[in-house]
$ cat query39.cif   # mmCIF, C-alpha atoms
data_data
loop_
_atom_site.label_atom_id
_atom_site.label_comp_id
_atom_site.auth_asym_id
_atom_site.auth_seq_id
_atom_site.Cartn_x
_atom_site.Cartn_y
_atom_site.Cartn_z
CA MET A 1 -57.92 -56.54 -38.54
CA ALA A 2 -54.97 -54.83 -40.12
CA THR A 3 -56.39 -51.45 -39.21
CA LYS A 4 -56.84 -52.42 -35.54
CA LYS A 5 -53.29 -53.73 -35.43
CA LYS A 6 -51.98 -50.47 -36.81
CA ILE A 7 -53.95 -48.55 -34.19
CA ARG A 8 -52.48 -50.70 -31.39
CA LEU A 9 -48.98 -50.21 -32.75
CA LYS A 10 -49.48 -46.45 -32.88
CA LYS A 11 -50.70 -46.40 -29.28
CA LYS A 12 -47.68 -48.45 -28.16
CA PHE A 13 -45.38 -46.12 -30.10
CA LYS A 14 -46.96 -43.06 -28.47
CA LYS A 15 -46.59 -44.60 -25.02
CA ARG A 16 -42.94 -45.32 -25.70
CA LEU A 17 -42.43 -41.75 -26.92
CA LYS A 18 -44.05 -40.44 -23.74
CA ARG A 19 -41.82 -42.67 -21.61
CA LEU A 20 -38.75 -41.57 -23.52
CA PHE A 21 -39.81 -37.94 -23.20
CA LEU A 22 -40.38 -38.34 -19.45
CA LEU A 23 -37.02 -40.06 -19.09
CA LEU A 24 -35.38 -37.25 -21.05
CA VAL A 25 -37.04 -34.60 -18.89
CA ILE A 26 -36.07 -36.43 -15.70
CA SER A 27 -32.51 -36.82 -16.97
CA LEU A 28 -32.29 -33.14 -17.85
CA LEU A 29 -33.70 -32.14 -14.47
CA CYS A 30 -31.13 -34.35 -12.78
CA VAL A 31 -28.35 -32.91 -14.89
CA PHE A 32 -29.38 -29.29 -14.31
CA GLY A 33 -30.18 -29.98 -10.70
CA GLY A 34 -26.80 -31.54 -10.25
CA MET A 35 -25.15 -28.62 -11.99
CA LYS A 36 -27.03 -26.21 -9.74
CA ILE A 37 -25.93 -28.12 -6.67
CA TYR A 38 -22.39 -28.19 -8.01
CA GLU A 39 -22.45 -24.46 -8.75
CA ASN A 40 -23.89 -23.81 -5.30
CA VAL A 41 -21.15 -25.84 -3.65
CA LYS A 42 -18.59 -24.16 -5.85
CA TYR A 43 -19.94 -20.69 -4.96
CA ARG A 44 -19.80 -21.52 -1.24
CA ASN A 45 -16.06 -21.94 -1.64
CA THR A 46 -15.57 -18.50 -3.20
CA GLU A 47 -14.25 -15.43 -1.38
CA GLU A 48 -17.42 -13.56 -2.27
CA TYR A 49 -19.64 -16.09 -0.49
CA LYS A 50 -17.37 -16.13 2.55
CA PHE A 51 -17.38 -12.35 2.88
CA ILE A 52 -21.14 -12.06 2.28
CA GLU A 53 -21.74 -14.78 4.90
CA LYS A 54 -19.59 -12.79 7.31
CA GLY A 55 -21.93 -9.84 6.86
CA TYR A 56 -20.07 -7.69 4.36
CA GLU A 57 -22.11 -6.02 1.65
CA PRO A 58 -21.35 -6.81 -2.02
CA SER A 59 -20.08 -3.23 -2.50
CA THR A 60 -17.67 -3.71 0.41
CA PHE A 61 -16.53 -7.05 -0.99
CA LYS A 62 -15.77 -5.28 -4.26
CA LEU A 63 -13.55 -2.79 -2.40
CA ILE A 64 -11.81 -5.62 -0.56
CA THR A 65 -11.16 -7.40 -3.86
CA GLU A 66 -9.85 -4.27 -5.56
CA LYS A 67 -7.68 -2.87 -2.78
CA CYS A 68 -6.60 -5.62 -0.36
CA SER A 69 -3.70 -8.01 -0.65
CA ASP A 70 -4.35 -11.72 -0.04
CA GLU A 71 -2.86 -11.29 3.41
CA HIS A 72 -5.33 -8.57 4.34
CA LYS A 73 -8.25 -10.48 2.83
CA ALA A 74 -7.36 -13.44 5.04
CA PHE A 75 -7.15 -11.11 8.05
CA LEU A 76 -10.65 -9.79 7.42
CA LEU A 77 -12.04 -13.31 7.06
CA ASN A 78 -10.42 -14.52 10.27
CA GLU A 79 -11.47 -11.54 12.39
CA ASP A 80 -14.89 -10.36 13.48
CA LYS A 81 -16.63 -8.19 10.90
CA ILE A 82 -15.12 -4.69 10.84
CA ASP A 83 -18.09 -2.44 10.12
CA TYR A 84 -16.05 0.61 9.22
CA ILE A 85 -13.66 -1.12 6.81
CA LYS A 86 -15.68 0.13 3.84
CA TYR A 87 -14.82 3.71 4.80
CA ILE A 88 -11.11 2.94 5.10
CA LEU A 89 -10.99 1.07 1.79
CA GLY A 90 -13.26 3.57 0.09
CA ASP A 91 -10.93 6.49 0.69
CA LYS A 92 -9.19 7.66 -2.48
CA TYR A 93 -5.79 7.76 -0.78
CA TYR A 94 -5.88 4.29 0.81
CA ILE A 95 -2.49 2.54 0.64
CA ASP A 96 -2.65 -1.20 1.28
CA LYS A 97 0.73 -1.42 3.01
CA ASN A 98 -0.74 0.86 5.71
CA PHE A 99 -3.75 -1.44 6.31
CA GLU A 100 -2.84 -2.48 9.85
CA ALA A 101 -1.74 1.05 10.77
CA TYR A 102 -5.12 2.49 9.71
CA LEU A 103 -7.01 0.00 11.87
CA GLU A 104 -4.72 0.37 14.85
CA PHE A 105 -4.81 4.17 14.77
CA TYR A 106 -8.58 4.39 14.31
CA GLU A 107 -9.26 1.93 17.13
CA SER A 108 -7.44 4.19 19.58
CA ASN A 109 -8.39 7.51 17.94
CA SER A 110 -11.98 7.11 16.75
CA LYS A 111 -12.58 10.85 17.16
CA TYR A 112 -10.88 11.39 13.80
CA THR A 113 -12.69 11.21 10.49
CA PHE A 114 -11.68 8.33 8.26
CA GLU A 115 -10.24 10.86 5.82
CA ASP A 116 -7.98 12.17 8.58
CA VAL A 117 -7.01 8.65 9.65
CA ILE A 118 -5.83 7.89 6.11
CA ALA A 119 -3.98 11.20 5.78
CA LEU A 120 -2.28 11.04 9.19
CA VAL A 121 -1.09 7.47 8.72
CA ASN A 122 0.09 8.08 5.15
CA VAL A 123 2.28 11.05 6.06
CA GLY A 124 3.52 9.46 9.29
CA ALA A 125 1.98 12.12 11.53
CA THR A 126 0.51 9.59 13.97
CA LYS A 127 3.82 9.73 15.83
CA PRO A 128 5.54 12.73 17.44
CA TRP A 129 7.31 15.14 15.12
CA TYR A 130 10.94 14.22 14.42
CA GLU A 131 10.42 10.66 15.66
CA GLY A 132 11.73 8.02 13.27
CA VAL A 133 13.38 10.60 11.02
CA LYS A 134 14.96 9.24 7.84
CA THR A 135 17.08 10.68 5.05
CA THR A 136 14.85 11.75 2.19
CA ASP A 137 15.08 10.54 -1.40
CA THR A 138 16.92 13.19 -3.43
CA MET A 139 16.93 11.50 -6.84
CA ASP A 140 14.47 14.07 -8.20
CA LYS A 141 15.64 17.24 -6.52
CA TYR A 142 12.63 19.33 -7.59
CA ALA A 143 10.18 16.80 -6.15
CA VAL A 144 12.21 16.13 -2.99
CA LEU A 145 10.12 15.84 0.18
CA VAL A 146 11.51 17.72 3.16
CA ASN A 147 9.60 17.77 6.44
CA LYS A 148 9.89 16.73 10.09
CA PHE A 149 10.22 13.06 9.13
CA HIS A 150 12.30 13.37 5.94
CA VAL A 151 15.56 15.30 6.21
CA LEU A 152 18.21 16.27 3.72
CA PRO A 153 21.59 14.53 3.80
CA GLU A 154 24.39 16.75 5.07
CA ALA A 155 26.15 16.43 1.72
CA TYR A 156 23.06 17.54 -0.24
CA GLU A 157 23.98 19.24 -3.52
CA VAL A 158 21.84 22.34 -4.03
CA GLY A 159 23.09 23.14 -7.51
CA THR A 160 23.65 26.60 -8.96
CA ILE A 161 22.51 29.36 -6.60
CA LYS A 162 21.58 32.81 -7.92
CA THR A 163 20.90 36.05 -6.06
CA PHE A 164 17.79 38.13 -6.77
CA SER A 165 18.16 41.80 -7.54
CA SER A 166 16.50 44.45 -5.39
CA THR A 167 13.68 44.54 -7.95
CA TYR A 168 12.42 41.24 -6.55
CA ALA A 169 13.72 41.07 -2.99
CA TYR A 170 14.25 42.82 0.31
CA GLY A 171 17.90 42.34 1.20
CA THR A 172 19.89 39.36 -0.02
CA VAL A 173 17.66 36.52 -1.19
CA LYS A 174 18.97 33.52 -3.11
CA ALA A 175 17.46 30.48 -4.83
CA GLU A 176 18.42 27.49 -6.95
CA GLU A 177 18.70 28.54 -10.59
CA THR A 178 15.51 26.91 -11.94
CA CYS A 179 13.49 28.17 -8.99
CA TYR A 180 15.08 31.60 -9.45
CA ASN A 181 14.01 31.79 -13.08
CA ALA A 182 10.52 30.51 -12.34
CA PHE A 183 9.95 33.16 -9.69
CA ILE A 184 11.07 35.98 -11.97
CA GLU A 185 8.68 34.73 -14.65
CA MET A 186 5.90 34.57 -12.07
CA ALA A 187 6.66 38.02 -10.67
CA LYS A 188 6.56 39.53 -14.17
CA SER A 189 3.22 37.88 -14.85
CA ALA A 190 1.84 39.17 -11.56
CA LYS A 191 3.06 42.66 -12.42
CA GLU A 192 0.91 42.58 -15.54
CA ASP A 193 -2.07 42.25 -13.18
CA ASP A 194 -0.77 45.13 -11.02
CA ILE A 195 0.49 42.72 -8.35
CA THR A 196 3.96 43.18 -6.87
CA LEU A 197 5.64 40.12 -5.39
CA ILE A 198 8.59 40.72 -3.08
CA LEU A 199 10.86 38.04 -1.60
CA THR A 200 11.99 38.14 2.01
CA SER A 201 13.77 34.81 2.29
CA GLY A 202 15.05 32.02 0.09
CA TYR A 203 18.02 29.65 0.16
CA ARG A 204 19.65 29.02 3.52
CA THR A 205 22.74 27.01 4.27
CA ARG A 206 22.67 24.30 6.92
CA GLU A 207 24.65 26.61 9.18
CA SER A 208 22.18 29.46 8.70
CA GLN A 209 19.20 27.20 9.47
CA THR A 210 20.96 25.89 12.55
CA SER A 211 21.48 29.45 13.79
CA ILE A 212 17.83 30.40 13.20
CA TYR A 213 16.52 27.30 14.97
CA ASP A 214 18.93 27.56 17.92
CA ASP A 215 18.19 31.26 18.47
CA MET A 216 14.44 30.58 18.57
CA LYS A 217 14.89 27.55 20.79
CA ASN A 218 17.09 29.44 23.24
CA SER A 219 14.76 32.43 23.44
CA LYS A 220 11.33 30.76 23.38
CA GLY A 221 11.87 27.09 24.05
CA ALA A 222 12.07 23.90 22.01
CA ASP A 223 8.29 23.48 21.58
CA TYR A 224 7.93 26.96 20.14
CA ALA A 225 10.96 26.51 17.89
CA ASP A 226 9.61 23.20 16.53
CA GLN A 227 6.27 24.81 15.74
CA TYR A 228 7.55 27.87 13.92
CA ALA A 229 10.97 26.86 12.62
CA ALA A 230 12.63 23.75 11.26
CA ARG A 231 15.48 21.79 12.70
CA PRO A 232 18.64 21.75 10.58
CA GLY A 233 18.18 19.42 7.63
CA SER A 234 14.39 19.54 7.73
CA SER A 235 13.92 23.00 6.26
CA GLU A 236 12.85 23.37 2.64
CA HIS A 237 14.90 26.56 2.50
CA GLU A 238 18.02 24.40 2.50
CA THR A 239 17.02 23.01 -0.91
CA GLY A 240 17.08 26.43 -2.55
CA LEU A 241 13.54 25.69 -3.75
CA ALA A 242 11.55 27.49 -1.04
CA LEU A 243 10.72 31.19 -1.09
CA ASP A 244 8.97 33.47 1.37
CA ILE A 245 6.85 35.86 -0.69
CA LEU A 246 5.19 39.09 0.45
CA THR A 247 4.09 42.33 -1.19
CA TYR A 248 4.39 46.02 -0.41
CA ASN A 249 2.86 47.12 2.90
CA ALA A 250 2.16 43.57 4.04
CA TYR A 251 3.46 41.45 6.89
CA THR A 252 3.39 37.71 7.29
CA GLU A 253 0.41 38.01 9.65
CA THR A 254 -1.65 39.95 7.11
CA PHE A 255 -0.41 38.56 3.80
CA LYS A 256 -3.36 36.23 3.36
CA THR A 257 -5.71 39.23 3.21
CA THR A 258 -3.86 40.81 0.28
CA LYS A 259 -4.57 40.71 -3.44
CA ALA A 260 -1.06 39.36 -3.90
CA TYR A 261 -2.00 36.26 -1.93
CA GLU A 262 -5.21 35.86 -3.93
CA TRP A 263 -3.16 36.04 -7.13
CA LEU A 264 -0.65 33.47 -5.90
CA HIS A 265 -3.40 31.15 -4.72
CA ALA A 266 -4.89 31.23 -8.22
CA HIS A 267 -1.71 31.22 -10.34
CA ALA A 268 1.39 30.02 -8.45
CA HIS A 269 1.00 26.42 -9.66
CA GLU A 270 1.16 27.64 -13.26
CA PHE A 271 4.80 28.55 -12.59
CA GLY A 272 5.65 25.44 -10.56
CA PHE A 273 5.02 26.75 -7.03
CA ILE A 274 2.67 25.50 -4.30
CA GLU A 275 1.62 27.01 -0.99
CA ARG A 276 3.38 24.57 1.29
CA TYR A 277 1.83 25.12 4.74
CA GLU A 278 -1.85 25.81 4.35
CA GLU A 279 -4.26 26.83 7.08
CA GLY A 280 -6.05 23.90 8.68
CA LYS A 281 -3.35 21.43 7.67
CA GLU A 282 -0.98 21.95 10.58
CA TYR A 283 -1.63 18.45 11.91
CA LEU A 284 -0.27 17.03 8.64
CA THR A 285 2.60 19.41 7.86
CA GLY A 286 3.84 20.00 11.39
CA TYR A 287 3.96 23.76 10.88
CA SER A 288 1.65 26.64 11.61
CA ALA A 289 0.03 28.05 8.48
CA GLU A 290 2.40 30.15 6.37
CA SER A 291 0.54 31.83 3.54
CA TRP A 292 3.81 33.38 2.39
CA HIS A 293 5.89 30.17 2.12
CA TYR A 294 6.01 28.75 -1.42
CA ARG A 295 7.87 25.74 -2.68
CA TYR A 296 9.02 25.13 -6.25
CA ILE A 297 8.31 21.56 -7.44
CA GLY A 298 7.98 22.10 -11.21
CA VAL A 299 4.96 23.07 -13.30
CA ASP A 300 3.56 19.60 -14.08
CA LEU A 301 3.78 18.42 -10.49
CA ALA A 302 2.47 21.70 -9.05
CA LYS A 303 -0.61 21.51 -11.28
CA LYS A 304 -1.32 17.95 -10.12
CA VAL A 305 -0.95 18.86 -6.43
CA LYS A 306 -3.21 21.88 -6.95
CA GLU A 307 -5.82 19.73 -8.68
CA GLU A 308 -5.81 17.16 -5.87
CA GLY A 309 -6.30 19.85 -3.23
CA ILE A 310 -4.15 18.10 -0.64
CA THR A 311 -0.85 18.88 1.05
CA TYR A 312 2.39 17.96 -0.68
CA ASP A 313 3.07 15.52 2.17
CA GLU A 314 -0.15 13.64 1.32
CA TYR A 315 0.45 13.78 -2.41
CA TYR A 316 4.00 12.50 -2.07
CA ALA A 317 2.96 9.65 0.23
CA PHE A 318 0.25 8.38 -2.13
CA TYR A 319 1.50 9.09 -5.63
CA MET A 320 5.25 8.90 -5.20
CA ALA A 321 6.44 7.04 -2.12
CA SER A 322 3.87 4.23 -2.38
CA GLN A 323 4.68 3.34 -6.00
#

$ encode --input "query39.cif" --output "structure tokens"
Amino acid sequence: MATKKKIRLKKKFKKRLKRLFLLLVISLLCVFGGMKIYENVKYRNTEEYKFIEKGYEPSTFKLITEKCSDEHKAFLLNEDKIDYIKYILGDKYYIDKNFEAYLEFYESNSKYTFEDVIALVNVGATKPWYEGVKTTDTMDKYAVLVNKFHVLPEAYEVGTIKTFSSTYAYGTVKAEETCYNAFIEMAKSAKEDDITLILTSGYRTRESQTSIYDDMKNSKGADYADQYAARPGSSEHETGLALDILTYNAYTETFKTTKAYEWLHAHAHEFGFIERYEEGKEYLTGYSAESWHYRYIGVDLAKKVKEEGITYDEYYAFYMASQ
């Protein structure tokens, strides 16, 4: 009898264990199920879910998260999906403060590449030249940006000006002292490679630039003058940091075909100079290509601009003005 009783007790105990186990499993399923529902509800309230639901790819959402302000994120969520936004945000030189300007310009100028849209907006070249001109920042005089939208103050201090000897220049050519020394060092280095660099123009006063511009304007018209010369205050020559460089038996029209140009293209940045108005970049610089026009900005900065492979206008807009 005792044995049968023990058997019955064991069976009851096993049944209770099974019930407890089932209850535990059910409880765990409820807990995990509830957590899953909670996590799902929680996820539905995230920006990621909202952007994915709107049709944006996870890679695009990542760009939006990394590059857009809260204001611009809200804009994208409230508007219809912008299919091309990934190309705007994916550009290396995207500046968030220009967000609306990129969209507005592209919508009315979709013939441009997204790279061009970014570049044009960043440098301000979506508007006519000389429109909205402002006085440029002159705190770092060697990095100063001078173009058709950023002009020098009339009281700009050039610093010490030195005159090149006839060894380095045709006629009287002057430059700011640091630029002067850098060119001489560069010319000597070029000479070691059997390259002769000769200057034809350097520092100009405001009065001299005014005379050059007015003469061209009076003889060939304002449009021509604006394409090939600079209005007073907007010429780099007024900084004392710009030099026009040629070589023997070469003219401006043929300089790019010379070995001297090849040498400068490869080495000028090592001495702090950059080719300022490159071919194919007229729509960004506002000037026709000038293979002979070099601007001193300092060795470190010149190397960075050279490495980026963009105009100084673009470099300045992204790395300096936007900071």

$ resolve_selection --input "query39.cif" --expression "the PyMOL selection byres ((chain A and resi 168) around 8)" --output "PyMOL selection string"
chain A and resi 164-167+169-170+184+187+197-199

$ resolve_selection --input "query39.cif" --expression "the PyMOL selection byres ((chain A and resi 232) around 8)" --output "number ranges by chain"
A: 206-207, 209-210, 213, 230-231, 233-235

$ residues_near_point --input "query39.cif" --point "(-5.7, 10.1, 11.4)" --cutoff "10 Å" --atoms "all atoms listed in the file" --output "PyMOL selection string"
chain A and resi 101-102+105-106+109-126+283-284

$ resolve_selection --input "query39.cif" --expression "the PyMOL selection byres ((chain A and resi 90-93) around 12)" --output "count of residues only"
44

$ atom_distance --input "query39.cif" --atom1 "CA of Lys281 (chain A)" --atom2 "CA of Val158 (chain A)"
27.8 Å

$ closest_residue --input "query39.cif" --among "A:Asn181, A:Thr285, A:Asn218, A:Thr239" --to "Arg204 (chain A)" --atoms "only C-alpha atoms"
A:Thr239

$ closest_residue --input "query39.cif" --among "A:Val151, A:Leu145, A:Ala260, A:Leu103" --to "Lys191 (chain A)" --atoms "all atoms listed in the file"
A:Ala260

$ residues_around --input "query39.cif" --residues "Glu278 (chain A)" --least-positions-apart "3" --cutoff "7 Å" --atoms "all atoms listed in the file" --output "list in words"
Glu275, Lys281, Ala289, Glu290 and Ser291 of chain A

$ closest_residue --input "query39.cif" --among "A:Ser69, A:Thr205, A:Asn78, A:Ser211" --to "Lys54 (chain A)" --atoms "all atoms listed in the file"
A:Asn78

$ atom_distance --input "query39.cif" --atom1 "CA of Lys306 (chain A)" --atom2 "CA of Met139 (chain A)"
22.7 Å

$ residues_around --input "query39.cif" --residues "Pro153 (chain A)" --least-positions-apart "6" --cutoff "9 Å" --atoms "only C-alpha atoms" --output "JSON, numbers by chain"
{"A": [135, 136, 138, 233]}

$ closest_residue --input "query39.cif" --among "A:Ala222, A:Ala175, A:Met186, A:Val299" --to "Ile161 (chain A)" --atoms "only C-alpha atoms"
A:Ala175

$ atom_distance --input "query39.cif" --atom1 "CA of Ala242 (chain A)" --atom2 "CA of Lys217 (chain A)"
22.1 Å

$ closest_residue --input "query39.cif" --among "A:Glu104, A:Glu262, A:Glu270, A:Asp215" --to "Ile195 (chain A)" --atoms "all atoms listed in the file"
A:Glu262

$ residues_around --input "query39.cif" --residues "region 248-250 of chain A" --least-positions-apart "2" --cutoff "8 Å" --atoms "only C-alpha atoms" --output "number ranges by chain"
A: 196-198, 246, 252, 254-255, 258
